[in-house]
Every structure is written in structure tokens, then in C-alpha cells.
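input_35.cif follows (mmCIF, C-alpha atoms and all ligand atoms):
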```cif
data_run
#
loop_
_atom_site.label_atom_id
_atom_site.label_comp_id
_atom_site.auth_asym_id
_atom_site.auth_seq_id
_atom_site.Cartn_x
_atom_site.Cartn_y
_atom_site.Cartn_z
CA MET A 83 -24.48 8.33 12.47
CA ASP A 84 -23.11 6.28 9.62
CA PHE A 85 -19.73 7.27 8.34
CA ILE A 86 -17.24 6.29 5.70
CA THR A 87 -13.49 6.25 6.30
CA CYS A 88 -11.46 7.87 3.56
CA PRO A 89 -9.21 5.21 1.94
CA TRP A 90 -6.63 7.88 1.03
CA CYS A 91 -6.11 9.69 4.33
CA GLY A 92 -8.16 7.89 6.99
CA GLN A 93 -10.53 10.79 7.76
CA ARG A 94 -14.11 9.96 8.77
CA ASN A 95 -16.76 11.33 6.43
CA PRO A 96 -20.57 11.23 6.40
CA ALA A 97 -21.76 8.06 4.69
CA ASP A 98 -23.28 9.94 1.74
CA ALA A 99 -20.15 12.04 0.99
CA LEU A 100 -18.61 11.64 -2.46
CA GLU A 101 -15.32 13.38 -1.69
CA CYS A 102 -13.25 13.40 1.47
CA ARG A 103 -13.67 16.61 3.46
CA SER A 104 -10.02 16.44 4.52
CA CYS A 105 -7.96 15.41 1.47
CA GLY A 106 -10.55 15.84 -1.31
CA GLY A 107 -10.02 12.28 -2.55
CA PRO A 108 -12.95 10.43 -4.13
CA LEU A 109 -14.60 8.05 -1.65
CA PRO A 110 -15.48 4.45 -2.54
CA VAL A 111 -18.93 3.96 -3.98
CA SER A 112 -20.80 0.86 -2.99
CA GLY A 113 -23.17 -0.92 -5.31
CA SER A 114 -23.10 -1.82 -8.97
CA ASP A 115 -22.45 1.68 -10.38
CA PRO A 116 -18.68 2.28 -10.73
CA GLY A 117 -19.07 5.98 -9.87
CA PRO A 118 -17.22 8.97 -11.34
CA GLU A 119 -14.44 8.18 -13.82
CA PRO A 120 -10.82 8.53 -12.70
CA PRO A 121 -9.04 11.62 -14.08
CA PRO A 122 -6.44 10.96 -16.81
CA PRO A 123 -2.86 10.13 -15.73
CA PRO A 124 -0.52 11.38 -14.38
CA ARG A 125 -2.66 11.89 -11.27
CA GLN A 126 -1.87 13.94 -8.23
CA LEU A 127 -2.77 11.64 -5.34
CA PRO A 128 -4.74 12.97 -2.37
CA LYS A 129 -2.46 14.37 0.28
CA GLY A 130 -1.15 11.85 2.77
CA TYR A 131 -1.83 8.72 0.71
CA LYS A 132 1.80 7.90 -0.14
CA ASN A 133 2.78 8.56 3.45
CA ARG A 134 0.08 6.16 4.66
CA VAL A 135 1.02 3.37 2.24
CA LEU A 136 4.78 3.69 2.69
CA TRP A 137 5.01 4.48 6.43
CA LYS A 138 1.87 4.74 8.56
CA ASN A 139 0.33 1.45 7.44
CA ALA A 140 3.68 -0.25 6.90
CA PRO A 141 5.27 -1.06 10.27
CA GLY A 142 7.84 -3.26 8.46
CA ASN A 143 9.19 -0.23 6.64
CA VAL A 144 9.53 1.76 9.86
CA ILE A 145 11.33 -1.14 11.55
CA GLY A 146 13.56 -1.50 8.48
CA LEU A 147 14.43 2.18 8.59
CA VAL A 148 15.25 2.04 12.32
CA PHE A 149 17.46 -1.03 11.81
CA ALA A 150 19.24 0.59 8.88
CA VAL A 151 19.89 3.80 10.84
CA ILE A 152 21.17 1.86 13.88
CA GLY A 153 23.38 -0.29 11.66
CA ILE A 154 24.87 2.63 9.77
CA SER A 155 25.38 4.61 13.00
CA LEU A 156 27.20 1.68 14.60
CA LEU A 157 29.37 1.35 11.53
CA CYS A 158 30.12 5.07 11.40
CA VAL A 159 30.91 5.42 15.11
CA PHE A 160 32.40 2.18 16.36
CA ALA A 161 34.32 1.04 13.32
CA PRO A 162 36.49 4.22 12.95
CA VAL A 163 36.98 4.51 16.72
CA GLY A 164 38.07 0.87 16.86
CA LEU A 165 40.29 1.34 13.87
CA ILE A 166 42.01 4.46 15.22
CA SER A 167 42.42 3.20 18.76
CA GLY A 168 43.43 -0.24 17.61
CA LEU A 169 40.73 -1.84 19.79
CA LEU A 170 39.99 -4.89 17.68
CA PRO A 171 36.89 -6.02 19.66
CA MET A 172 35.35 -2.61 19.20
CA LEU A 173 36.02 -2.75 15.48
CA CYS A 174 34.60 -6.27 15.18
CA ILE A 175 31.53 -5.76 17.35
CA GLY A 176 30.71 -2.28 16.07
CA GLY A 177 31.42 -3.15 12.48
CA GLY A 178 29.89 -6.64 12.55
CA ILE A 179 26.68 -5.74 14.33
CA GLY A 180 26.45 -2.58 12.25
CA VAL A 181 26.66 -4.53 9.00
CA ILE A 182 24.06 -7.08 10.16
CA PHE A 183 21.61 -4.36 11.25
CA ALA A 184 22.17 -2.37 8.08
CA LEU A 185 21.60 -5.44 5.89
CA ILE A 186 18.42 -6.56 7.70
CA GLY A 187 17.06 -3.00 7.78
CA GLY A 188 18.00 -2.30 4.19
CA GLY A 189 16.40 -5.56 3.02
CA LEU A 190 13.14 -4.92 4.88
CA LEU A 191 13.00 -1.36 3.64
CA TYR A 192 13.76 -2.32 0.04
CA THR A 193 11.02 -4.99 -0.11
CA GLY A 194 8.51 -2.85 1.76
CA VAL A 195 8.99 0.26 -0.35
CA ARG A 196 8.92 -1.79 -3.56
CA ASN A 197 5.59 -3.36 -2.52
CA GLY A 198 4.25 0.05 -1.51
CA LEU A 199 5.18 1.57 -4.86
CA ARG A 200 3.41 -1.31 -6.64
CA LYS A 201 0.29 -0.15 -4.82
CA ILE A 202 0.82 3.54 -5.53
CA ARG A 203 1.95 3.50 -9.17
CA PRO A 204 -1.35 2.37 -10.76
CA TYR A 205 -3.04 5.33 -9.01
CA GLU A 206 -0.46 7.79 -10.32
CA LEU A 207 0.11 6.47 -13.82
CA GLY A 208 -2.45 3.76 -14.54
CA ARG A 209 -4.82 3.55 -17.49
CA ALA A 210 -8.47 3.28 -16.54
CA ALA A 211 -10.76 0.38 -17.38
CA VAL A 212 -14.16 -0.69 -16.14
CA GLY A 213 -13.86 -4.10 -14.53
CA GLU A 214 -16.16 -6.45 -12.68
CA ILE A 215 -16.10 -7.90 -9.16
CA THR A 216 -15.78 -11.68 -9.38
CA GLU A 217 -15.49 -12.86 -5.79
CA ILE A 218 -15.61 -11.62 -2.18
CA TYR A 219 -14.35 -13.77 0.69
CA ARG A 220 -12.56 -13.76 4.04
CA ASP A 221 -8.86 -13.93 3.26
CA THR A 222 -7.64 -16.61 5.66
CA SER A 223 -4.14 -16.45 4.17
CA MET A 224 -3.68 -13.25 6.20
CA GLU A 225 -4.33 -12.82 9.90
CA VAL A 226 -3.74 -9.85 12.18
CA ASN A 227 -4.75 -10.06 15.87
CA GLY A 228 -6.96 -13.05 15.14
CA ARG A 229 -8.85 -11.28 12.36
CA ASN A 230 -8.84 -11.93 8.63
CA PRO A 231 -9.27 -9.15 6.10
CA TRP A 232 -11.72 -9.38 3.21
CA ALA A 233 -10.43 -10.12 -0.25
CA VAL A 234 -12.22 -8.59 -3.21
CA ARG A 235 -11.32 -10.13 -6.56
CA TYR A 236 -12.03 -8.44 -9.86
CA GLN A 237 -11.28 -8.85 -13.54
CA PHE A 238 -10.76 -6.34 -16.31
CA GLU A 239 -9.69 -6.22 -19.91
CA ALA A 240 -6.47 -4.61 -21.15
CA ASP A 241 -5.46 -4.75 -24.81
CA GLY A 242 -8.00 -7.50 -25.47
CA GLN A 243 -6.68 -9.71 -22.70
CA LEU A 244 -8.43 -10.56 -19.44
CA TYR A 245 -6.58 -9.79 -16.20
CA GLU A 246 -7.35 -10.43 -12.54
CA GLY A 247 -6.70 -8.30 -9.52
CA LYS A 248 -7.25 -8.55 -5.78
CA ALA A 249 -7.90 -5.83 -3.23
CA SER A 250 -7.79 -6.33 0.51
CA THR A 251 -9.84 -4.48 3.10
CA TRP A 252 -10.70 -4.61 6.82
CA LYS A 253 -14.10 -3.12 6.08
CA TYR A 254 -17.06 -5.47 5.83
CA ALA A 255 -16.72 -6.01 2.09
CA PRO A 256 -20.17 -7.56 1.42
CA ASN A 257 -21.60 -4.15 2.36
CA LEU A 258 -19.48 -2.50 -0.31
CA HIS A 259 -19.81 -4.84 -3.26
CA LYS A 260 -21.16 -8.09 -4.58
CA SER A 261 -20.08 -10.27 -7.50
CA GLY A 262 -20.95 -8.67 -10.81
CA ASP A 263 -20.59 -5.05 -9.58
CA ARG A 264 -18.85 -2.82 -12.08
CA VAL A 265 -15.78 -0.99 -10.77
CA HIS A 266 -13.06 1.32 -12.04
CA VAL A 267 -9.67 -0.37 -12.33
CA LEU A 268 -6.35 1.35 -12.96
CA TYR A 269 -3.49 -0.65 -14.48
CA LEU A 270 -0.01 0.00 -15.76
CA ALA A 271 -0.02 -0.22 -19.57
CA GLU A 272 3.40 -1.91 -19.58
CA ASP A 273 2.41 -4.40 -16.86
CA PRO A 274 -1.36 -4.81 -16.29
CA GLU A 275 -0.58 -7.25 -13.44
CA GLN A 276 0.07 -4.06 -11.47
CA ASN A 277 -3.47 -2.83 -11.00
CA ALA A 278 -5.78 -1.39 -8.37
CA LEU A 279 -9.40 -0.55 -7.69
CA TYR A 280 -10.27 3.14 -7.99
CA PRO A 281 -11.00 4.55 -5.48
CA PRO A 282 -9.23 2.14 -3.11
CA LEU A 283 -11.47 0.19 -0.73
CA GLY A 284 -9.41 1.38 2.24
ZN ZN A 301 -9.25 11.77 2.75
#
```
The structure given in the file should be rewritten as C-alpha cells.
Amino acid sequence: MDFITCPWCGQRNPADALECRSCGGPLPVSGSDPGPEPPPPPRQLPKGYKNRVLWKNAPGNVIGLVFAVIGISLLCVFAPVGLISGLLPMLCIGGGIGVIFALIGGGLLYTGVRNGLRKIRPYELGRAAVGEITEIYRDTSMEVNGRNPWAVRYQFEADGQLYEGKASTWKYAPNLHKSGDRVHVLYLAEDPEQNALYPPLG
């Protein structure tokens, strides 16, 4: 049986479903009709979506968090013990390694969460526009396990100006859309460069 994976929570749904049976999120519509309009902002996102974007689908963030926790633990344990006991090597190693781990972890986490929020914010707060798919191609600039995702480019108008956006998906994008298809786009009024397709392609 054909199925469609929910882009919000990952649940499998029958191919003809309009809403996810697990999280209730709207499922992507293929073809040239943009489908039901997004509700007005602020939007309550389907359950699990933030968690997926920020943690489940973001191994870098998890690694960053682990590094940060290790670094801070080292600092909190070894540095005071070294300081009290006067064991300089313990202070240097515990403190030094702790600082390095905390900095690497903190940096990874900061960048990862910032990128994740750029993905999430248009869904929560974005204004809606009807845009148009302009291009679909294999994105060779990204490779995971020898595979390239599909890039779906679109354009939309905000305050009389034309903007471009790009969505990435591991699904076979030519089955979902073709150039010229009309799609819902959400963008931040203060920065339309932050935009997303609604619903996400997954
Ligand atoms: Zn779902």
C-alpha cells in the first residue's frame, strides 16, 4: 500500500490522507493545487515537530549537548578538587579539557539550535503567501551515505518584492512537485529570507 510520511512527526499515513493520524498536522499535497490555506499566526505546531528539528534530526545538536555537559562536569569536578588539594595537574587537565569540551559543545549547540529555529519560526509566526516552484534537482552540495537529497526551489512575493526559498527532502521530489506548481509559503514579515514551504516536504 502507498503511504505518506508525516513531515511533522514521521508517522506513516495512507497516501490519500490530508491530516496526520498521529499529530494532526496537514500532510504535503502533491500537484499544482497548493491545498488548504495555513491558519493565521501564531500557530501551534503539530506535536513533536520542534523536537524532531532540534534534536531527533539534528545529531550535531546532540553531540554538542554531550560535549557541553562533559566539559562543564569536568570543570565542576576536577577544577575545584585540583584547587583544594593543590594538585596542579588535576586543575590544568580537568579545567583545560573541560573548557575545550564546553567551548566546542557550546559552539555546536549554538549554531545548530539557531539553524533549527530558523526552520521553525516561519511555521510559528510566518505570514502566508502563495508561491511557485521554480526548480527541482538533486542537491549534490549535500551528501549523506552516498546519497544526495532533492532540492526544491520556489519563489514568492512579499511586500511587492520577489524572494526565493529552497526546501530539501529525501523523498523523490519529482513525484511531489514540478516547476510551476503553486505552493503555500510562510515567511517572517521582518525578514522574508526566513521562509518555508507549508506543509514541509519532510
Ligand atoms: Zn504527524
Near-region 196-209 of chain A list (10 Å; only C-alpha atoms; drop same-chain fewer than 6 positions) as an mmCIF file with C-alpha atoms, in the coordinates of the input:
```
data_model
loop_
_atom_site.group_PDB
_atom_site.id
_atom_site.type_symbol
_atom_site.label_atom_id
_atom_site.label_comp_id
_atom_site.auth_asym_id
_atom_site.auth_seq_id
_atom_site.Cartn_x
_atom_site.Cartn_y
_atom_site.Cartn_z
ATOM 1 C CA PRO A 120 -10.820 8.530 -12.700
ATOM 2 C CA PRO A 121 -9.040 11.620 -14.080
ATOM 3 C CA PRO A 122 -6.440 10.960 -16.810
ATOM 4 C CA PRO A 123 -2.860 10.130 -15.730
ATOM 5 C CA PRO A 124 -0.520 11.380 -14.380
ATOM 6 C CA ARG A 125 -2.660 11.890 -11.270
ATOM 7 C CA GLN A 126 -1.870 13.940 -8.230
ATOM 8 C CA LEU A 127 -2.770 11.640 -5.340
ATOM 9 C CA TYR A 131 -1.830 8.720 0.710
ATOM 10 C CA LYS A 132 1.800 7.900 -0.140
ATOM 11 C CA ASN A 133 2.780 8.560 3.450
ATOM 12 C CA ARG A 134 0.080 6.160 4.660
ATOM 13 C CA VAL A 135 1.020 3.370 2.240
ATOM 14 C CA LEU A 136 4.780 3.690 2.690
ATOM 15 C CA TRP A 137 5.010 4.480 6.430
ATOM 16 C CA ASN A 139 0.330 1.450 7.440
ATOM 17 C CA ALA A 140 3.680 -0.250 6.900
ATOM 18 C CA ASN A 143 9.190 -0.230 6.640
ATOM 19 C CA LEU A 190 13.140 -4.920 4.880
ATOM 20 C CA ALA A 240 -6.470 -4.610 -21.150
ATOM 21 C CA VAL A 267 -9.670 -0.370 -12.330
ATOM 22 C CA LEU A 268 -6.350 1.350 -12.960
ATOM 23 C CA TYR A 269 -3.490 -0.650 -14.480
ATOM 24 C CA LEU A 270 -0.010 0.000 -15.760
ATOM 25 C CA ALA A 271 -0.020 -0.220 -19.570
ATOM 26 C CA GLU A 272 3.400 -1.910 -19.580
ATOM 27 C CA ASP A 273 2.410 -4.400 -16.860
ATOM 28 C CA PRO A 274 -1.360 -4.810 -16.290
ATOM 29 C CA GLU A 275 -0.580 -7.250 -13.440
ATOM 30 C CA GLN A 276 0.070 -4.060 -11.470
ATOM 31 C CA ASN A 277 -3.470 -2.830 -11.000
ATOM 32 C CA ALA A 278 -5.780 -1.390 -8.370
ATOM 33 C CA LEU A 279 -9.400 -0.550 -7.690
ATOM 34 C CA TYR A 280 -10.270 3.140 -7.990
ATOM 35 C CA PRO A 281 -11.000 4.550 -5.480
ATOM 36 C CA PRO A 282 -9.230 2.140 -3.110
#
```
Please put the answer as lines of an AutoDock Vina configuration file: centre and edge lengths, in Å with one decimal, of a box along x, y and z that encloses all listed atoms of region 239-243 of chain A plus 4 Å on each side.
```
center_x = -7.6
center_y = -7.2
center_z = -22.7
size_x = 12.2
size_y = 13.1
size_z = 13.6
```
I'd like a table as JSON lines: residues in chain A with an atom no more than 8 Å from ligand ZN 301 (chain A), each row giving the shortest atom pair and its distance in Å to one decimal, all atoms listed in the file counted, sorted by chain and rising residue number.
```
{"residue": "A:Thr87", "atom": "CA", "partner": "A:ZN301", "partner_atom": "ZN", "distance": 7.8}
{"residue": "A:Cys88", "atom": "CA", "partner": "A:ZN301", "partner_atom": "ZN", "distance": 4.6}
{"residue": "A:Pro89", "atom": "CA", "partner": "A:ZN301", "partner_atom": "ZN", "distance": 6.6}
{"residue": "A:Trp90", "atom": "CA", "partner": "A:ZN301", "partner_atom": "ZN", "distance": 5.0}
{"residue": "A:Cys91", "atom": "CA", "partner": "A:ZN301", "partner_atom": "ZN", "distance": 4.1}
{"residue": "A:Gly92", "atom": "CA", "partner": "A:ZN301", "partner_atom": "ZN", "distance": 5.8}
{"residue": "A:Gln93", "atom": "CA", "partner": "A:ZN301", "partner_atom": "ZN", "distance": 5.3}
{"residue": "A:Arg94", "atom": "CA", "partner": "A:ZN301", "partner_atom": "ZN", "distance": 7.9}
{"residue": "A:Glu101", "atom": "CA", "partner": "A:ZN301", "partner_atom": "ZN", "distance": 7.7}
{"residue": "A:Cys102", "atom": "CA", "partner": "A:ZN301", "partner_atom": "ZN", "distance": 4.5}
{"residue": "A:Arg103", "atom": "CA", "partner": "A:ZN301", "partner_atom": "ZN", "distance": 6.6}
{"residue": "A:Ser104", "atom": "CA", "partner": "A:ZN301", "partner_atom": "ZN", "distance": 5.1}
{"residue": "A:Cys105", "atom": "CA", "partner": "A:ZN301", "partner_atom": "ZN", "distance": 4.1}
{"residue": "A:Gly106", "atom": "CA", "partner": "A:ZN301", "partner_atom": "ZN", "distance": 5.9}
{"residue": "A:Gly107", "atom": "CA", "partner": "A:ZN301", "partner_atom": "ZN", "distance": 5.4}
{"residue": "A:Pro108", "atom": "CA", "partner": "A:ZN301", "partner_atom": "ZN", "distance": 7.9}
{"residue": "A:Leu109", "atom": "CA", "partner": "A:ZN301", "partner_atom": "ZN", "distance": 7.9}
{"residue": "A:Pro128", "atom": "CA", "partner": "A:ZN301", "partner_atom": "ZN", "distance": 6.9}
{"residue": "A:Lys129", "atom": "CA", "partner": "A:ZN301", "partner_atom": "ZN", "distance": 7.7}
```
Write out as a JSON list (two decimals) with C-alpha atoms, in the frame of the given file the residues lying within 10 Å of Ala184 (chain A), counting all atoms listed in the file and excluding same-chain residues fewer than 2 positions away.
```json
[["chain", "number", "residue", "atom", "x", "y", "z"],
["A", 146, "GLY", "CA", 13.56, -1.50, 8.48],
["A", 147, "LEU", "CA", 14.43, 2.18, 8.59],
["A", 148, "VAL", "CA", 15.25, 2.04, 12.32],
["A", 149, "PHE", "CA", 17.46, -1.03, 11.81],
["A", 150, "ALA", "CA", 19.24, 0.59, 8.88],
["A", 151, "VAL", "CA", 19.89, 3.80, 10.84],
["A", 152, "ILE", "CA", 21.17, 1.86, 13.88],
["A", 153, "GLY", "CA", 23.38, -0.29, 11.66],
["A", 154, "ILE", "CA", 24.87, 2.63, 9.77],
["A", 155, "SER", "CA", 25.38, 4.61, 13.00],
["A", 156, "LEU", "CA", 27.20, 1.68, 14.60],
["A", 157, "LEU", "CA", 29.37, 1.35, 11.53],
["A", 178, "GLY", "CA", 29.89, -6.64, 12.55],
["A", 179, "ILE", "CA", 26.68, -5.74, 14.33],
["A", 180, "GLY", "CA", 26.45, -2.58, 12.25],
["A", 181, "VAL", "CA", 26.66, -4.53, 9.00],
["A", 182, "ILE", "CA", 24.06, -7.08, 10.16],
["A", 186, "ILE", "CA", 18.42, -6.56, 7.70],
["A", 187, "GLY", "CA", 17.06, -3.00, 7.78],
["A", 188, "GLY", "CA", 18.00, -2.30, 4.19],
["A", 189, "GLY", "CA", 16.40, -5.56, 3.02],
["A", 190, "LEU", "CA", 13.14, -4.92, 4.88]]
```
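As for CA of Val226 (chain A) and CA of His259 (chain A), they are spaced 22.8 Å apart.
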request  = Take CA of Ile218 (chain A) and CA of Trp252 (chain A) and report the distance between them in Å, one decimal.
outcome  = 12.4 Å
key: Distance query Lys260 (chain A) at most 10 Å, all atoms listed in the file, self and fewer than 3 positions along chain excluded, as a PyMOL selection string   = chain A and resi 112-114+214-218+234+255-257+263-264
Contacts of Arg229 (chain A) at 10 Å or less, counting all atoms listed in the file, minus same-chain residues fewer than 4 places along, as a CSV table (one decimal) with C-alpha atoms, keeping the file's coordinate frame?
```
chain,number,residue,atom,x,y,z
A,220,ARG,CA,-12.6,-13.8,4.0
A,221,ASP,CA,-8.9,-13.9,3.3
A,222,THR,CA,-7.6,-16.6,5.7
A,224,MET,CA,-3.7,-13.2,6.2
A,225,GLU,CA,-4.3,-12.8,9.9
A,252,TRP,CA,-10.7,-4.6,6.8
```
key: Atomic separation - CA of Pro141 (chain A) relative to CA of Asn227 (chain A), Å   =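 Answer for the CA of Asn227 (chain A) to CA of Pro141 (chain A) separation: 14.6 Å.
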query = Taking into account all atoms listed in the file, which residue in the set A:Thr193, A:Asn230, A:Ser250, A:Gln237 is nearest to Val212 (chain A)?
reply = A:Gln237
